[in-house]
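Engineer: Structure: start_37.txt, compact mmCIF, C-alpha atoms.
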```txt
# COMPACT_ATOMS: atom_id res chain seq x y z
CA MET A 1 17.58 -66.99 7.69
CA LYS A 2 20.32 -64.77 9.09
CA GLY A 3 20.93 -63.31 5.64
CA SER A 4 17.24 -62.59 5.22
CA THR A 5 17.07 -60.83 8.62
CA LYS A 6 20.17 -58.81 7.79
CA ALA A 7 18.67 -57.74 4.47
CA ILE A 8 15.46 -56.64 6.18
CA LEU A 9 17.37 -54.65 8.78
CA LEU A 10 19.48 -52.99 6.11
CA SER A 11 16.34 -52.11 4.15
CA LEU A 12 14.71 -50.59 7.23
CA ALA A 13 17.84 -48.62 8.05
CA PHE A 14 18.09 -47.35 4.48
CA GLY A 15 14.42 -46.37 4.51
CA PHE A 16 14.82 -44.53 7.79
CA VAL A 17 17.84 -42.58 6.51
CA LEU A 18 15.97 -41.75 3.31
CA LEU A 19 12.96 -40.54 5.27
CA ILE A 20 15.08 -38.28 7.51
CA THR A 21 16.96 -36.91 4.50
CA TYR A 22 13.69 -36.15 2.73
CA ALA A 23 12.33 -34.39 5.83
CA ILE A 24 15.47 -32.32 6.23
CA PHE A 25 15.83 -31.10 2.68
CA ILE A 26 12.27 -31.11 1.38
CA GLY A 27 9.71 -31.74 4.06
CA SER A 28 8.39 -29.71 6.97
CA VAL A 29 10.55 -31.20 9.77
CA ASP A 30 12.89 -28.35 10.70
CA VAL A 31 16.01 -30.05 11.98
CA ARG A 32 18.30 -28.18 9.63
CA SER A 33 18.64 -25.27 12.03
CA ARG A 34 19.92 -27.61 14.76
CA PHE A 35 22.24 -29.87 12.78
CA PHE A 36 22.87 -27.99 9.53
CA PRO A 37 22.85 -24.24 10.33
CA LEU A 38 24.35 -23.31 6.94
CA LEU A 39 21.28 -24.77 5.22
CA GLN A 40 18.89 -22.33 6.89
CA ASN A 41 16.90 -19.98 4.71
CA PRO A 42 18.73 -16.64 5.02
CA LEU A 43 15.47 -14.72 4.60
CA GLN A 44 13.91 -16.59 7.52
CA THR A 45 16.92 -15.77 9.68
CA LEU A 46 16.82 -12.10 8.76
CA THR A 47 13.08 -11.85 9.22
CA SER A 48 13.11 -13.30 12.73
CA SER A 49 15.61 -10.66 13.86
CA CYS A 50 13.13 -7.84 13.29
CA THR A 51 9.66 -9.26 13.87
CA ASP A 52 9.76 -9.39 17.67
CA ARG A 53 10.17 -5.63 18.16
CA PRO A 54 9.03 -2.36 16.56
CA LEU A 55 10.73 -1.28 13.36
CA ARG A 56 13.42 1.26 14.24
CA VAL A 57 13.13 4.27 11.92
CA TYR A 58 15.44 7.24 11.60
CA MET A 59 13.70 10.27 10.04
CA TYR A 60 15.83 12.88 8.33
CA ASN A 61 15.48 16.48 9.49
CA ILE A 62 15.01 18.46 6.29
CA PRO A 63 13.47 21.95 5.82
CA SER A 64 9.70 22.24 5.94
CA ARG A 65 9.53 23.22 2.25
CA PHE A 66 9.93 19.50 1.55
CA HIS A 67 6.93 18.54 3.68
CA VAL A 68 4.58 20.44 6.02
CA GLY A 69 5.53 23.83 4.56
CA MET A 70 3.40 22.89 1.54
CA LEU A 71 0.30 22.54 3.73
CA ASN A 72 -0.07 26.23 4.54
CA GLN A 73 2.64 27.88 2.42
CA GLY A 74 4.08 29.49 5.55
CA ASN A 75 7.79 29.57 6.34
CA THR A 76 8.67 26.85 3.84
CA ASN A 77 12.42 27.17 4.47
CA ASP A 78 12.10 26.66 8.21
CA SER A 79 14.67 24.07 9.29
CA SER A 80 13.46 23.74 12.88
CA PRO A 81 12.35 20.20 13.75
CA VAL A 82 8.70 19.24 13.33
CA THR A 83 7.26 17.79 16.53
CA ALA A 84 3.96 16.33 17.65
CA GLN A 85 3.21 19.71 19.23
CA ASN A 86 3.83 21.91 16.17
CA LEU A 87 2.68 19.48 13.47
CA PRO A 88 0.00 21.29 11.45
CA PRO A 89 -3.23 19.33 10.95
CA TRP A 90 -4.08 18.04 7.50
CA PRO A 91 -6.34 20.75 5.93
CA GLN A 92 -10.05 19.94 6.12
CA ASN A 93 -10.74 21.55 2.73
CA SER A 94 -8.05 19.68 0.78
CA GLY A 95 -10.57 17.72 -1.31
CA LEU A 96 -9.06 14.90 -3.36
CA LYS A 97 -5.55 15.81 -2.20
CA LEU A 98 -6.46 13.85 0.93
CA GLN A 99 -6.30 10.56 -0.98
CA HIS A 100 -2.54 11.06 -1.54
CA SER A 101 -1.76 12.14 2.03
CA MET A 102 -0.01 8.91 3.08
CA GLU A 103 3.30 10.77 3.35
CA TYR A 104 1.79 13.04 6.01
CA TRP A 105 0.41 10.21 8.16
CA MET A 106 3.65 8.22 8.01
CA MET A 107 5.63 11.26 9.11
CA ALA A 108 3.09 12.04 11.84
CA SER A 109 3.25 8.50 13.21
CA LEU A 110 6.99 8.89 13.80
CA LEU A 111 6.38 12.10 15.75
CA TYR A 112 4.01 10.35 18.15
CA ASP A 113 5.74 9.11 21.27
CA GLY A 114 3.60 5.97 21.28
CA GLU A 115 3.03 5.96 25.03
CA GLY A 116 0.44 3.36 25.91
CA GLN A 117 0.20 2.14 22.31
CA ASP A 118 1.58 -0.88 20.51
CA MET A 119 3.12 0.80 17.47
CA GLU A 120 4.78 -1.02 14.59
CA ALA A 121 7.46 1.66 14.09
CA LEU A 122 9.59 3.51 16.60
CA ARG A 123 11.54 6.65 15.74
CA VAL A 124 15.17 6.55 16.82
CA SER A 125 17.56 9.49 17.20
CA ASP A 126 20.68 7.45 16.50
CA PRO A 127 20.90 6.54 12.80
CA GLU A 128 23.35 3.75 13.62
CA SER A 129 20.54 1.88 15.39
CA ALA A 130 17.99 2.29 12.57
CA ASP A 131 16.52 -0.53 10.49
CA VAL A 132 15.31 1.92 7.85
CA PHE A 133 15.51 5.64 7.08
CA PHE A 134 12.38 7.68 6.36
CA VAL A 135 12.69 10.52 3.85
CA PRO A 136 9.92 13.03 4.74
CA PHE A 137 9.45 14.43 1.25
CA PHE A 138 5.78 14.99 0.40
CA SER A 139 6.25 14.05 -3.25
CA SER A 140 2.52 13.68 -3.97
CA LEU A 141 1.61 16.99 -2.33
CA SER A 142 4.48 18.62 -4.23
CA PHE A 143 2.97 17.44 -7.51
CA ASN A 144 -0.55 18.50 -6.48
CA THR A 145 0.65 21.88 -5.22
CA HIS A 146 3.29 22.91 -7.73
CA GLY A 147 1.81 22.79 -11.20
CA HIS A 148 -0.10 19.53 -11.19
CA ASN A 149 -1.12 20.10 -14.80
CA MET A 150 2.54 19.38 -15.69
CA LYS A 151 2.58 22.44 -17.99
CA ASP A 152 2.29 25.10 -15.32
CA PRO A 153 5.49 27.15 -14.74
CA GLU A 154 5.24 26.26 -11.05
CA THR A 155 6.04 22.68 -12.02
CA GLU A 156 9.67 23.76 -11.86
CA ILE A 157 9.30 24.08 -8.08
CA ASP A 158 8.49 20.37 -7.88
CA HIS A 159 11.49 19.64 -10.08
CA LYS A 160 13.78 21.81 -7.93
CA LEU A 161 12.65 20.09 -4.73
CA GLN A 162 13.60 16.74 -6.20
CA ILE A 163 17.02 18.06 -7.26
CA ASP A 164 17.67 19.53 -3.81
CA LEU A 165 16.55 16.35 -2.07
CA LEU A 166 18.90 14.21 -4.14
CA GLN A 167 21.78 16.53 -3.29
CA PHE A 168 20.93 16.19 0.40
CA LEU A 169 20.67 12.40 0.26
CA GLY A 170 23.85 12.10 -1.77
CA LYS A 171 25.78 13.61 1.14
CA SER A 172 24.33 11.18 3.67
CA ILE A 173 26.72 8.40 4.65
CA TYR A 174 23.69 6.23 5.36
CA TRP A 175 22.35 6.71 1.83
CA GLN A 176 25.81 5.97 0.44
CA ARG A 177 26.18 2.90 2.67
CA SER A 178 23.21 1.07 1.18
CA GLY A 179 22.70 2.94 -2.08
CA GLY A 180 19.37 4.08 -0.63
CA ARG A 181 18.01 0.55 -0.33
CA ASP A 182 17.03 0.96 3.32
CA HIS A 183 15.36 4.33 2.74
CA VAL A 184 11.57 4.74 2.60
CA ILE A 185 10.01 7.29 0.22
CA CYS A 186 6.27 7.89 -0.28
CA MET A 187 5.11 8.15 -3.90
CA THR A 188 1.36 7.50 -3.76
CA HIS A 189 0.39 9.86 -6.57
CA PRO A 190 1.12 8.17 -9.91
CA ASN A 191 3.04 11.28 -11.03
CA ALA A 192 4.94 11.82 -7.77
CA PHE A 193 8.73 12.17 -8.07
CA ARG A 194 8.26 11.97 -11.83
CA PHE A 195 11.41 13.92 -12.74
CA LEU A 196 14.07 12.07 -10.78
CA GLY A 197 12.39 8.93 -9.47
CA GLU A 198 14.84 6.83 -11.49
CA GLN A 199 17.66 8.21 -9.36
CA VAL A 200 16.20 6.78 -6.14
CA ASN A 201 14.89 3.54 -7.60
CA ALA A 202 16.64 1.27 -5.11
CA SER A 203 14.66 2.69 -2.19
CA ILE A 204 11.52 1.24 -0.66
CA PHE A 205 8.66 3.15 -2.27
CA ILE A 206 5.19 3.49 -0.78
CA VAL A 207 2.92 3.33 -3.86
CA VAL A 208 -0.76 2.64 -4.48
CA ASP A 209 -0.08 0.62 -7.63
CA PHE A 210 2.47 0.19 -10.39
CA GLY A 211 0.41 1.64 -13.23
CA ARG A 212 2.67 4.59 -14.03
CA HIS A 213 6.03 3.32 -12.81
CA PRO A 214 8.42 1.38 -15.07
CA LYS A 215 9.76 -1.86 -13.61
CA THR A 216 13.20 -0.29 -13.32
CA VAL A 217 11.74 2.20 -10.82
CA SER A 218 9.08 0.34 -8.84
CA ASN A 219 8.05 -3.28 -8.34
CA LEU A 220 6.43 -5.56 -5.80
CA TYR A 221 9.76 -7.16 -4.89
CA LYS A 222 11.05 -4.10 -3.03
CA ASP A 223 8.08 -1.72 -2.65
CA VAL A 224 5.00 -1.52 -0.44
CA VAL A 225 1.45 -1.20 -1.81
CA SER A 226 -0.54 1.38 0.12
CA PRO A 227 -4.26 2.15 0.18
CA TYR A 228 -5.45 5.54 -0.85
CA VAL A 229 -6.65 7.57 2.11
CA HIS A 230 -10.45 7.49 1.86
CA VAL A 231 -12.16 10.83 1.18
CA VAL A 232 -15.70 9.96 2.33
CA ASP A 233 -16.47 9.87 6.04
CA SER A 234 -16.29 6.47 7.70
CA PHE A 235 -19.58 4.76 8.56
CA VAL A 236 -18.97 4.48 12.30
CA ASP A 237 -22.56 3.80 13.45
CA ASP A 238 -23.50 1.10 10.94
CA ALA A 239 -25.54 -1.09 13.27
CA ASN A 240 -28.72 -1.80 11.28
CA PRO A 241 -30.19 -5.18 12.33
CA ASP A 242 -30.96 -5.98 8.67
CA PRO A 243 -28.30 -4.20 6.60
CA PHE A 244 -29.13 -6.13 3.42
CA GLU A 245 -32.71 -4.85 3.25
CA SER A 246 -31.74 -1.35 4.39
CA ARG A 247 -29.59 -0.88 1.28
CA PRO A 248 -32.02 -0.64 -1.67
CA ILE A 249 -29.39 0.10 -4.37
CA LEU A 250 -27.84 -3.05 -5.83
CA LEU A 251 -24.75 -1.51 -7.44
CA PHE A 252 -23.38 2.03 -7.01
CA PHE A 253 -20.84 4.08 -8.91
CA ARG A 254 -20.37 7.84 -8.90
CA GLY A 255 -17.26 9.37 -10.42
CA GLY A 256 -15.37 10.32 -13.55
CA THR A 257 -16.17 8.15 -16.57
CA ILE A 258 -13.69 9.76 -18.96
CA ARG A 259 -10.35 8.30 -17.97
CA LYS A 260 -7.07 7.25 -19.56
CA ASP A 261 -5.38 3.89 -20.01
CA GLU A 262 -7.26 1.10 -18.18
CA GLY A 263 -9.87 3.64 -17.06
CA ILE A 264 -11.51 3.66 -20.48
CA VAL A 265 -13.52 0.67 -19.23
CA ARG A 266 -15.61 3.16 -17.23
CA ALA A 267 -17.17 4.65 -20.35
CA LYS A 268 -18.00 1.18 -21.64
CA LEU A 269 -19.57 0.21 -18.31
CA ALA A 270 -21.82 3.28 -18.49
CA LYS A 271 -23.53 1.71 -21.52
CA ILE A 272 -23.52 -1.84 -20.16
CA LEU A 273 -25.15 -0.81 -16.86
CA SER A 274 -27.80 1.55 -18.18
CA GLY A 275 -31.45 0.58 -17.92
CA TYR A 276 -31.34 -1.18 -14.52
CA ASP A 277 -33.60 0.29 -11.85
CA ASP A 278 -31.42 -0.93 -8.98
CA VAL A 279 -28.08 0.20 -10.48
CA HIS A 280 -26.81 3.74 -9.90
CA TYR A 281 -24.02 4.66 -12.35
CA GLU A 282 -23.39 8.38 -12.61
CA GLN A 283 -20.72 10.67 -14.02
CA SER A 284 -19.56 13.33 -11.55
CA VAL A 285 -16.59 15.54 -10.79
CA ALA A 286 -14.81 15.81 -7.47
CA SER A 287 -16.30 18.48 -5.21
CA THR A 288 -17.32 18.73 -1.57
CA GLU A 289 -20.97 18.30 -2.54
CA ASN A 290 -20.31 15.27 -4.76
CA ILE A 291 -18.14 13.59 -2.13
CA GLU A 292 -21.05 13.92 0.30
CA LEU A 293 -23.46 12.46 -2.30
CA SER A 294 -21.08 9.56 -2.88
CA LYS A 295 -20.98 8.86 0.84
CA GLN A 296 -24.77 8.75 1.04
CA GLY A 297 -25.02 6.55 -2.05
CA MET A 298 -22.47 4.04 -0.81
CA ARG A 299 -24.25 3.70 2.52
CA LEU A 300 -27.47 2.88 0.69
CA SER A 301 -25.88 0.29 -1.62
CA LYS A 302 -25.13 -3.40 -1.28
CA PHE A 303 -22.28 -3.34 -3.80
CA CYS A 304 -19.95 -0.53 -4.87
CA LEU A 305 -18.29 -0.70 -8.25
CA HIS A 306 -14.54 -0.20 -8.48
CA PRO A 307 -13.31 -0.05 -12.08
CA ALA A 308 -9.77 1.12 -12.75
CA GLY A 309 -9.00 4.83 -12.75
CA ASP A 310 -6.15 6.21 -14.84
CA THR A 311 -4.14 3.47 -13.12
CA PRO A 312 -5.43 0.07 -11.90
CA SER A 313 -6.44 1.37 -8.46
CA SER A 314 -8.45 4.34 -7.22
CA CYS A 315 -9.66 5.87 -3.98
CA ARG A 316 -13.17 4.53 -4.61
CA LEU A 317 -12.24 1.05 -3.36
CA PHE A 318 -11.28 2.37 0.07
CA ASP A 319 -14.29 4.68 0.21
CA ALA A 320 -16.41 1.57 -0.28
CA ILE A 321 -14.58 -0.35 2.46
CA VAL A 322 -15.14 2.33 5.12
CA SER A 323 -18.77 2.63 3.92
CA HIS A 324 -19.20 -1.15 4.43
CA CYS A 325 -20.37 -1.46 0.84
CA VAL A 326 -19.07 -4.70 -0.68
CA PRO A 327 -16.52 -3.70 -3.34
CA VAL A 328 -16.93 -5.05 -6.86
CA ILE A 329 -13.44 -4.83 -8.33
CA VAL A 330 -13.09 -4.81 -12.11
CA SER A 331 -9.45 -5.27 -13.04
CA ASP A 332 -7.08 -7.75 -14.60
CA ARG A 333 -3.92 -6.62 -12.81
CA ILE A 334 -4.66 -4.69 -9.64
CA GLU A 335 -2.32 -4.93 -6.65
CA LEU A 336 -3.94 -4.59 -3.23
CA PRO A 337 -2.52 -3.34 0.08
CA PHE A 338 -1.80 -5.72 2.97
CA GLU A 339 -2.70 -8.73 0.84
CA ASP A 340 -0.24 -10.95 2.70
CA GLU A 341 -2.47 -10.45 5.75
CA LEU A 342 -5.93 -9.80 4.28
CA ASP A 343 -7.94 -12.12 2.04
CA TYR A 344 -9.92 -9.68 -0.08
CA THR A 345 -12.20 -12.43 -1.39
CA GLN A 346 -13.79 -12.49 2.07
CA PHE A 347 -15.17 -8.97 1.63
CA SER A 348 -14.88 -8.15 -2.09
CA LEU A 349 -15.99 -9.54 -5.46
CA PHE A 350 -13.73 -9.67 -8.51
CA PHE A 351 -14.61 -9.54 -12.20
CA SER A 352 -12.21 -9.49 -15.11
CA VAL A 353 -12.67 -6.67 -17.62
CA GLN A 354 -14.00 -9.20 -20.12
CA GLU A 355 -16.60 -10.47 -17.63
CA ALA A 356 -17.67 -6.96 -16.61
CA LEU A 357 -18.22 -5.93 -20.23
CA ARG A 358 -20.34 -8.97 -21.04
CA PRO A 359 -23.94 -7.66 -21.26
CA ASN A 360 -26.07 -8.55 -18.21
CA TYR A 361 -23.47 -10.92 -16.75
CA MET A 362 -22.22 -8.89 -13.78
CA VAL A 363 -25.63 -7.56 -12.78
CA GLU A 364 -27.17 -11.04 -12.91
CA GLN A 365 -24.40 -12.35 -10.68
CA LEU A 366 -25.09 -9.61 -8.14
CA GLN A 367 -28.87 -10.00 -8.31
CA GLY A 368 -28.50 -13.70 -7.47
CA PHE A 369 -26.15 -13.10 -4.57
CA LYS A 370 -27.32 -14.77 -1.34
CA LYS A 371 -28.33 -12.49 1.53
CA GLU A 372 -26.46 -14.63 4.07
CA ARG A 373 -23.20 -14.46 2.14
CA TRP A 374 -23.53 -10.69 1.61
CA THR A 375 -24.16 -10.18 5.33
CA GLU A 376 -21.00 -12.13 6.16
CA MET A 377 -19.01 -9.87 3.82
CA TRP A 378 -20.61 -6.75 5.31
CA GLN A 379 -19.59 -7.91 8.78
CA LYS A 380 -16.06 -8.60 7.55
CA LEU A 381 -15.88 -5.07 6.10
CA LYS A 382 -16.74 -3.66 9.50
CA ASN A 383 -13.96 -5.73 11.04
CA VAL A 384 -11.23 -4.79 8.54
CA SER A 385 -12.09 -1.12 8.04
CA LEU A 386 -9.74 -0.11 10.89
CA HIS A 387 -6.82 -1.17 8.69
CA PHE A 388 -7.75 1.59 6.22
CA GLU A 389 -8.07 4.44 8.70
CA PHE A 390 -5.45 7.17 9.13
CA GLN A 391 -5.41 9.53 12.07
CA PHE A 392 -3.14 11.29 14.54
CA PRO A 393 -2.40 9.99 17.07
CA PRO A 394 -2.22 6.64 15.27
CA ARG A 395 -4.03 3.58 16.60
CA LYS A 396 -2.92 -0.01 16.86
CA GLU A 397 -3.61 -1.94 13.61
CA ASP A 398 -4.67 1.19 11.71
CA GLY A 399 -3.48 1.97 8.19
CA VAL A 400 -0.17 3.59 9.05
CA ASN A 401 0.79 0.77 11.43
CA MET A 402 -0.12 -1.76 8.76
CA LEU A 403 2.17 0.08 6.34
CA TRP A 404 5.11 0.10 8.73
CA ARG A 405 4.61 -3.62 9.22
CA GLN A 406 4.79 -4.05 5.45
CA VAL A 407 8.03 -2.07 5.42
CA LYS A 408 9.36 -4.39 8.13
CA HIS A 409 8.62 -7.35 5.83
CA LYS A 410 11.00 -5.82 3.27
CA ILE A 411 14.01 -5.82 5.60
CA PRO A 412 15.27 -9.26 4.47
CA VAL A 413 15.11 -8.13 0.83
CA VAL A 414 16.94 -4.90 1.71
CA THR A 415 19.68 -6.74 3.60
CA LEU A 416 20.10 -9.33 0.87
CA ALA A 417 20.33 -6.69 -1.87
CA THR A 418 22.77 -4.56 0.14
CA HIS A 419 25.08 -7.49 0.81
CA ARG A 420 24.99 -8.59 -2.82
CA SER A 421 25.75 -5.07 -4.04
CA ARG A 422 29.05 -5.09 -2.15
CA ARG A 423 30.47 -7.87 -4.29
CA LEU A 424 28.54 -7.66 -7.60
CA LYS A 425 30.17 -6.09 -10.64
CA ILE A 426 26.87 -5.49 -12.44
CA PRO A 427 23.87 -3.34 -11.35
CA ASP A 428 20.99 -4.76 -9.36
CA ARG A 429 18.15 -5.93 -11.54
CA TRP A 430 15.90 -2.97 -10.68
CA ARG A 431 18.74 -0.58 -11.53
CA ARG A 432 19.20 -1.93 -15.02
CA GLY A 433 18.14 0.59 -17.60
CA ARG A 434 19.40 3.63 -15.74
CA HIS A 435 21.16 6.14 -17.93
```
Show me, as structure tokens, the structure contained in the file I just sent.
Structural biologist:
Amino acid sequence: MKGSTKAILLSLAFGFVLLITYAIFIGSVDVRSRFFPLLQNPLQTLTSSCTDRPLRVYMYNIPSRFHVGMLNQGNTNDSSPVTAQNLPPWPQNSGLKLQHSMEYWMMASLLYDGEGQDMEALRVSDPESADVFFVPFFSSLSFNTHGHNMKDPETEIDHKLQIDLLQFLGKSIYWQRSGGRDHVICMTHPNAFRFLGEQVNASIFIVVDFGRHPKTVSNLYKDVVSPYVHVVDSFVDDANPDPFESRPILLFFRGGTIRKDEGIVRAKLAKILSGYDDVHYEQSVASTENIELSKQGMRLSKFCLHPAGDTPSSCRLFDAIVSHCVPVIVSDRIELPFEDELDYTQFSLFFSVQEALRPNYMVEQLQGFKKERWTEMWQKLKNVSLHFEFQFPPRKEDGVNMLWRQVKHKIPVVTLATHRSRRLKIPDRWRRGRH
């Protein structure tokens, strides 16, 4: 009897030890940090050190020819600091250049003193205290301004700016210290920094997608996906008691149908969607008048079509969001901004290219969509649209604050890569392929 009792007790003790071991190493009971500190996840440790305060950002002071000097072509060599008081406004007549203006809004947010606001990023004057370094080079505006046809002689100005910037950064002890890994550079135009982007490929890039960038230059591991800045006006007074019935157009698209790469699906959709009375699919070119017509059309539509542009994403998605028109996204490989915080399936529909090109399939799915479910998505669009707004002064939870929060999420990756680089004898994986 004693032997039997002893065996039972030993079995219970063994089971208890096994259970605790399983909880420690596999399960959700977090006792490792108390008893086994070396077993903690290093990324969790690094993340917690930065999440309870604003991201500390040091912004380089470089001549205005690299940034706001391109807005008005004034004294582009002026080296005097840009402040909240002398910051020129983004031009009202910039047309589609507005969609690539993320670099402007990120710079502007660092100029704002943030008094009375809960900002995600705080500019610091001491680089030793910085978490990251912001490089205020308007690479997208440089491309759009200096020979955006890529054959114009003025393209050399864009090239020269990139050369000069690299020379400046190369002299920075803070660039040298991390190899540029803790530096933030905006590249929202797919052709931005196209000459020398490979030379800064360890930095945190702000991109809208990865359609034009090789994996050795840009990837989701280190970079931040940004929205385009919407070009249509936001629907700020959308308070119709029956929004479903007030939008007579089922599906709306207005834009260029002759595109490259993945965008060739647009021409095929033009044929698939013809002949429907409640579908508006129209070829147009970007102009002030057509942007206004697009705004009106989106506000009268239940669903807004978002096929790929020359790259997987386009400004049209974010125009639809601020118009509270449920986006219909046609793509097999699109990356979306803020997706670690936003569930796009709550306010968007997704179709693969194959599904979208199946005759009648997509339209029939939309025609059978329940009013109650659409109204829920419309309400969700109204709630999330703030995250896609850009303004100065910035507002809590707006687009630029969301972006800085995404940059903050990259700090563990930056720290890990920097520490590894100090003892590795081979290049980092995103530097492989450099010549």
Engineer: Using all atoms listed in the file, which residues sit within 6 Å of segment 190-201 of chain A once same-chain residues fewer than 4 positions away are excluded, as a list in words?
Structural biologist: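 Once the adjacent positions are removed, what remains is Ser139, Ser140, Phe143, Arg212 and Val217 of chain A.
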Engineer: Counting only C-alpha atoms, which of A:Asp332, A:Glu292, A:Asp238, A:Asp277 gets nearest to Gln379 of chain A?
Structural biologist: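 Checking each of A:Asp332, A:Glu292, A:Asp238, A:Asp277 against Gln379 of chain A, counting only C-alpha atoms, the winner is A:Asp238.
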Engineer: Could you please determine the separation between atom CA of Ile264 of chain A and atom CA of His280 of chain A in Å, to one decimal place?
Structural biologist: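 According to the coordinates, atom CA of Ile264 of chain A and atom CA of His280 of chain A are separated by 18.6 Å.
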Engineer: Extract, using all atoms listed in the file, all DNA, RNA and protein residues at most 9 Å from Ala320 of chain A, discarding same-chain residues fewer than 4 positions from it, and format them as number ranges by chain.
Structural biologist: A: 230, 232, 295, 298-299, 303-306, 315-316, 324-327
Engineer: Provide the atom CA of Glu341 of chain A to atom CA of Gln296 of chain A distance in Å, to one decimal place.
Structural biologist: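 Here the two named atoms are 29.8 Å from each other.
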Engineer: I want to know what sits within 12 Å of Val224 of chain A, based on only C-alpha atoms, with residues of the same chain fewer than 3 positions away left out; could you give that as a VMD selection string?
Structural biologist: chain A and resid 184 to 188 203 to 210 218 to 221 227 335 to 340 400 402 to 411
Engineer: Could you please determine the separation between atom CA of Arg53 of chain A and atom CA of Val225 of chain A in Å, to one decimal place?
Structural biologist: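 That distance, rounded to one decimal, is 22.2 Å.
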Engineer: Select, from A:Asp343, A:Glu355, A:Asp164, A:Asp52, the residue with the minimum atom-to-atom distance to Ser331 of chain A, counting all atoms listed in the file.
Structural biologist: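 The closest residue to Ser331 of chain A is A:Glu355.
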Engineer: Do you know which residues are at most 9 Å from Ser101 of chain A counting all atoms listed in the file, after dropping those on the same chain fewer than 6 positions away, and could you put them as a list in words?
Structural biologist: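 Residues meeting the cut-off are Trp90, Phe138, Ser140, Leu141, Thr188, Tyr228 and Val229 of chain A.
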